[in-house]
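What follows is a single structure, written as structure tokens, with notes after it.
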Amino acid sequence: MPTLIEIEQLREHHAFAVASIAGIIGLCIGSFLNVCAHRIPTGKSIVSPPSSCACGQRIPFWLNIPVIGWLTLRGKARCCGQAISLRYPLLEVAGGLALAAAWFWLPADRAIAASFLLPILLLLTACDIDSMLVPDGPNFLLVAIGLTLAVALPSIHGEGGHSLAILDRIASLETALVGVAVGTAATWWVRTLGTVFFGKEAMGEADIILCAGMGAFGGWQGALFTLFGGAIVGLVLVLPSLIRARIKNSPGPASVPFVPSLAIAGAIWFFRGNELVEMWMNLGR
Ligand SMILES: [Zn+2]
């Protein structure tokens, strides 16, 4: 196994090559996420049977190649001519871009963490957009992986200065656990107050778990940034349809796509969160 320092040196000296390889792996992960987004919310196994068309016909492996498969078919199934949703190539491209960006811009330790975090955020987003059903499994997995990585890679929480390596790991785990607690509590309060204020369920349980997971990856600051940043992103996303409803005097959008908004805010935090907080602090001076 290469050490973290070796991976970081490789990344520094061959940034484009490393980002390209990460991007290709990301495309394949995106392809797998399509299977997950399709099967997990309905409780089907993600390993078997092999992927098949909606008409029941098996899909040959070469048509499963990310993006290229969809392009060769020009978006129509070869067996029965049914349209294949644009969701498939989009999620593949998103997976590729996410991993390429992570390995291009982030130091090795954070890039490794992002390689787990970003695909899960993409999966939760795809599930929410697709079916409004956000499965608990991958959501809890986010919390579990965040806590595990806090112990395995204490430097993602800025730890590394203790005399004993074990103390770094304990301090890092502490940061992650506080993040989970703050993420859970803050989202629960916002949800409860929102429900009282708006008279209907303001957020779902999935939002609570997602903010807890972001706490495990980014500490309490990451959890709060995800929650409140996500609210802002959600507002920006529904604003066009709110304005349209105002003009046409029709009822506004029924709900805010909150999981995608939280996922966007969470990703922003993981890439640039510390700088954003610093900018904010400097504004007051
Ligand atoms: Zn078919």
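We label chains A, B, ... in the order they appear in the structure tokens, count residues from 1 in each chain, and number ligands from 1 in the order shown.
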Notebook entry, point to check: Neighbours of A:Ile268 within 12 Å (only C-alpha atoms; same-chain residues fewer than 6 positions away dropped), as a VMD selection string?
Noted result: chain A and resid 98 101 to 102 114 117 to 118 121 214 218 222 to 223 225 to 226 229 to 230 233 261 to 262 274 to 277
Next item on the list: DSSP on the backbone, then: every residue of stretch 39-202 of chain A marked alpha helix (DSSP H), written as an MDAnalysis selection string.
Entry: chainID A and resid 39 68:73 87:105 108:131 136:152 165:198
For chain A versus ligand 1, which residues have an atom no more than 12 Å away, and what is each residue's nearest atom pair and distance in Å rounded to one decimal, using only C-alpha atoms and all ligand atoms, chain-then-number order, as a Markdown table?
```
| residue | atom | partner | partner_atom_place_in_ligand_line | distance |
| --- | --- | --- | --- | --- |
| A:Ser51 | CA | ligand 1 | 1 (Zn) | 11.3 |
| A:Ser52 | CA | ligand 1 | 1 (Zn) | 7.8 |
| A:Cys53 | CA | ligand 1 | 1 (Zn) | 4.5 |
| A:Ala54 | CA | ligand 1 | 1 (Zn) | 5.6 |
| A:Cys55 | CA | ligand 1 | 1 (Zn) | 4.3 |
| A:Gly56 | CA | ligand 1 | 1 (Zn) | 6.4 |
| A:Gln57 | CA | ligand 1 | 1 (Zn) | 5.5 |
| A:Arg58 | CA | ligand 1 | 1 (Zn) | 8.2 |
| A:Ile59 | CA | ligand 1 | 1 (Zn) | 8.5 |
| A:Pro60 | CA | ligand 1 | 1 (Zn) | 11.6 |
| A:Leu73 | CA | ligand 1 | 1 (Zn) | 11.7 |
| A:Gly75 | CA | ligand 1 | 1 (Zn) | 11.8 |
| A:Lys76 | CA | ligand 1 | 1 (Zn) | 8.7 |
| A:Ala77 | CA | ligand 1 | 1 (Zn) | 5.4 |
| A:Arg78 | CA | ligand 1 | 1 (Zn) | 6.5 |
| A:Cys79 | CA | ligand 1 | 1 (Zn) | 4.4 |
| A:Cys80 | CA | ligand 1 | 1 (Zn) | 4.1 |
| A:Gly81 | CA | ligand 1 | 1 (Zn) | 6.5 |
| A:Gln82 | CA | ligand 1 | 1 (Zn) | 6.2 |
| A:Ala83 | CA | ligand 1 | 1 (Zn) | 9.1 |
| A:Ile84 | CA | ligand 1 | 1 (Zn) | 9.4 |
```
Margin query: Would you pick out the contacts of A:Pro89 at 6 Å or less, using only C-alpha atoms, so that residues sharing its chain but fewer than 3 positions from it are not included, and give the list as a PyMOL selection string?
Written below: chain A and resi 67+86+92
With N, CA and C atoms retained, export the selected residues as a compact mmCIF listing (two decimals), in the first residue's frame.
```
# COMPACT_ATOMS: atom_id res chain seq x y z
N VAL A 67 -21.50 6.44 -20.68
CA VAL A 67 -21.71 7.50 -21.67
C VAL A 67 -21.63 6.97 -23.11
N LEU A 86 -32.16 10.31 -19.84
CA LEU A 86 -30.93 11.11 -19.85
C LEU A 86 -30.25 11.04 -18.48
N GLU A 92 -23.50 9.44 -14.82
CA GLU A 92 -22.14 8.96 -15.11
C GLU A 92 -21.17 10.12 -15.25
```
Margin query: So that I can see what lies close to A:Thr42, please list as a ChimeraX atom specification the residues with an atom at most 12 Å from it, counting only C-alpha atoms and leaving out residues fewer than 3 positions away in the same chain.
Written below: /A:35-39,45-46,127,130-135
Based on the selection just made, write N, CA and C atoms of those residues as a PDB file, in the first residue's frame.
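Result saved to part_2.pdb:
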```pdb
ATOM      1  N   VAL A  35     -27.473   2.026 -11.281  1.00  0.00           N
ATOM      2  CA  VAL A  35     -28.075   0.758 -10.850  1.00  0.00           C
ATOM      3  C   VAL A  35     -28.624   0.913  -9.433  1.00  0.00           C
ATOM      4  N   CYS A  36     -27.813   1.528  -8.548  1.00  0.00           N
ATOM      5  CA  CYS A  36     -28.229   1.704  -7.149  1.00  0.00           C
ATOM      6  C   CYS A  36     -29.479   2.574  -7.064  1.00  0.00           C
ATOM      7  N   ALA A  37     -29.476   3.710  -7.793  1.00  0.00           N
ATOM      8  CA  ALA A  37     -30.609   4.645  -7.719  1.00  0.00           C
ATOM      9  C   ALA A  37     -31.878   3.976  -8.231  1.00  0.00           C
ATOM     10  N   HIS A  38     -31.708   3.043  -9.174  1.00  0.00           N
ATOM     11  CA  HIS A  38     -32.850   2.355  -9.757  1.00  0.00           C
ATOM     12  C   HIS A  38     -33.379   1.275  -8.817  1.00  0.00           C
ATOM     13  N   ARG A  39     -32.453   0.593  -8.119  1.00  0.00           N
ATOM     14  CA  ARG A  39     -32.871  -0.606  -7.371  1.00  0.00           C
ATOM     15  C   ARG A  39     -33.047  -0.410  -5.865  1.00  0.00           C
ATOM     16  N   SER A  45     -31.822  -6.090  -5.011  1.00  0.00           N
ATOM     17  CA  SER A  45     -30.382  -6.285  -4.830  1.00  0.00           C
ATOM     18  C   SER A  45     -29.615  -5.483  -5.878  1.00  0.00           C
ATOM     19  N   ILE A  46     -28.455  -4.928  -5.462  1.00  0.00           N
ATOM     20  CA  ILE A  46     -27.683  -4.134  -6.416  1.00  0.00           C
ATOM     21  C   ILE A  46     -26.617  -4.977  -7.110  1.00  0.00           C
ATOM     22  N   CYS A 127     -31.756   9.621  -6.226  1.00  0.00           N
ATOM     23  CA  CYS A 127     -32.932   8.954  -5.650  1.00  0.00           C
ATOM     24  C   CYS A 127     -34.031   9.965  -5.361  1.00  0.00           C
ATOM     25  N   ASP A 130     -35.496  11.290  -8.662  1.00  0.00           N
ATOM     26  CA  ASP A 130     -36.187  10.208  -9.359  1.00  0.00           C
ATOM     27  C   ASP A 130     -37.526   9.864  -8.732  1.00  0.00           C
ATOM     28  N   SER A 131     -37.501   9.604  -7.413  1.00  0.00           N
ATOM     29  CA  SER A 131     -38.673   8.989  -6.796  1.00  0.00           C
ATOM     30  C   SER A 131     -39.101   9.655  -5.497  1.00  0.00           C
ATOM     31  N   MET A 132     -38.398  10.735  -5.080  1.00  0.00           N
ATOM     32  CA  MET A 132     -38.667  11.373  -3.795  1.00  0.00           C
ATOM     33  C   MET A 132     -38.479  10.390  -2.632  1.00  0.00           C
ATOM     34  N   LEU A 133     -37.891   9.219  -2.936  1.00  0.00           N
ATOM     35  CA  LEU A 133     -37.626   8.243  -1.885  1.00  0.00           C
ATOM     36  C   LEU A 133     -36.123   8.218  -1.648  1.00  0.00           C
ATOM     37  N   VAL A 134     -35.694   8.727  -0.506  1.00  0.00           N
ATOM     38  CA  VAL A 134     -34.266   8.704  -0.205  1.00  0.00           C
ATOM     39  C   VAL A 134     -34.004   7.526   0.720  1.00  0.00           C
ATOM     40  N   PRO A 135     -33.288   6.505   0.237  1.00  0.00           N
ATOM     41  CA  PRO A 135     -33.083   5.306   1.053  1.00  0.00           C
ATOM     42  C   PRO A 135     -32.182   5.587   2.250  1.00  0.00           C
TER      43      PRO A 135
END
```
Enumerate, in order of chain and increasing residue number, the residues of stretch 215-234 of chain A with an atom no farther than 9 Å from stretch 167-178 of chain A, each with its shortest atom pair and distance in Å to one decimal, counting only C-alpha atoms, as a Markdown table.
```
| residue | atom | partner | partner_atom | distance |
| --- | --- | --- | --- | --- |
| A:Gly215 | CA | A:Ala176 | CA | 6.1 |
| A:Ala216 | CA | A:Ala176 | CA | 4.1 |
| A:Phe217 | CA | A:Ala176 | CA | 6.5 |
| A:Gly218 | CA | A:Ala176 | CA | 7.1 |
| A:Gly219 | CA | A:Ala176 | CA | 5.1 |
| A:Trp220 | CA | A:Val178 | CA | 6.2 |
```
Since we have the selection now, will you write its residues out, keeping N, CA and C atoms, as a tab-separated table (two decimals), in the first residue's frame?
```tsv
chain	number	residue	atom	x	y	z
A	215	GLY	N	-21.55	16.21	9.03
A	215	GLY	CA	-20.83	16.50	10.27
A	215	GLY	C	-19.67	15.55	10.47
A	216	ALA	N	-19.88	14.27	10.11
A	216	ALA	CA	-18.81	13.28	10.24
A	216	ALA	C	-17.66	13.61	9.29
A	217	PHE	N	-17.98	14.17	8.12
A	217	PHE	CA	-16.94	14.51	7.15
A	217	PHE	C	-16.33	15.89	7.39
A	218	GLY	N	-17.14	16.82	7.94
A	218	GLY	CA	-16.65	18.20	8.01
A	218	GLY	C	-16.78	18.85	9.37
A	219	GLY	N	-17.01	18.06	10.43
A	219	GLY	CA	-17.16	18.64	11.77
A	219	GLY	C	-18.45	19.43	11.88
A	220	TRP	N	-18.63	20.12	13.04
A	220	TRP	CA	-19.89	20.83	13.25
A	220	TRP	C	-20.06	21.98	12.27
```
Checklist line | Selected residue, from A:Ile5, A:Leu227, A:Ile40, A:Leu235, that lies nearest to A:Ala265 when counting only C-alpha atoms | finding: A:Leu227
Note to self: If we count only C-alpha atoms and set the cut-off at 12 Å, which residues sit around A:Ile112, ignoring sequence neighbours fewer than 3 positions away in its own chain? Please answer as a ChimeraX atom specification.
What the structure shows: /A:4,7-8,11,22,99-109,115-119,145-146,149-150,152-153,155-156,217,270
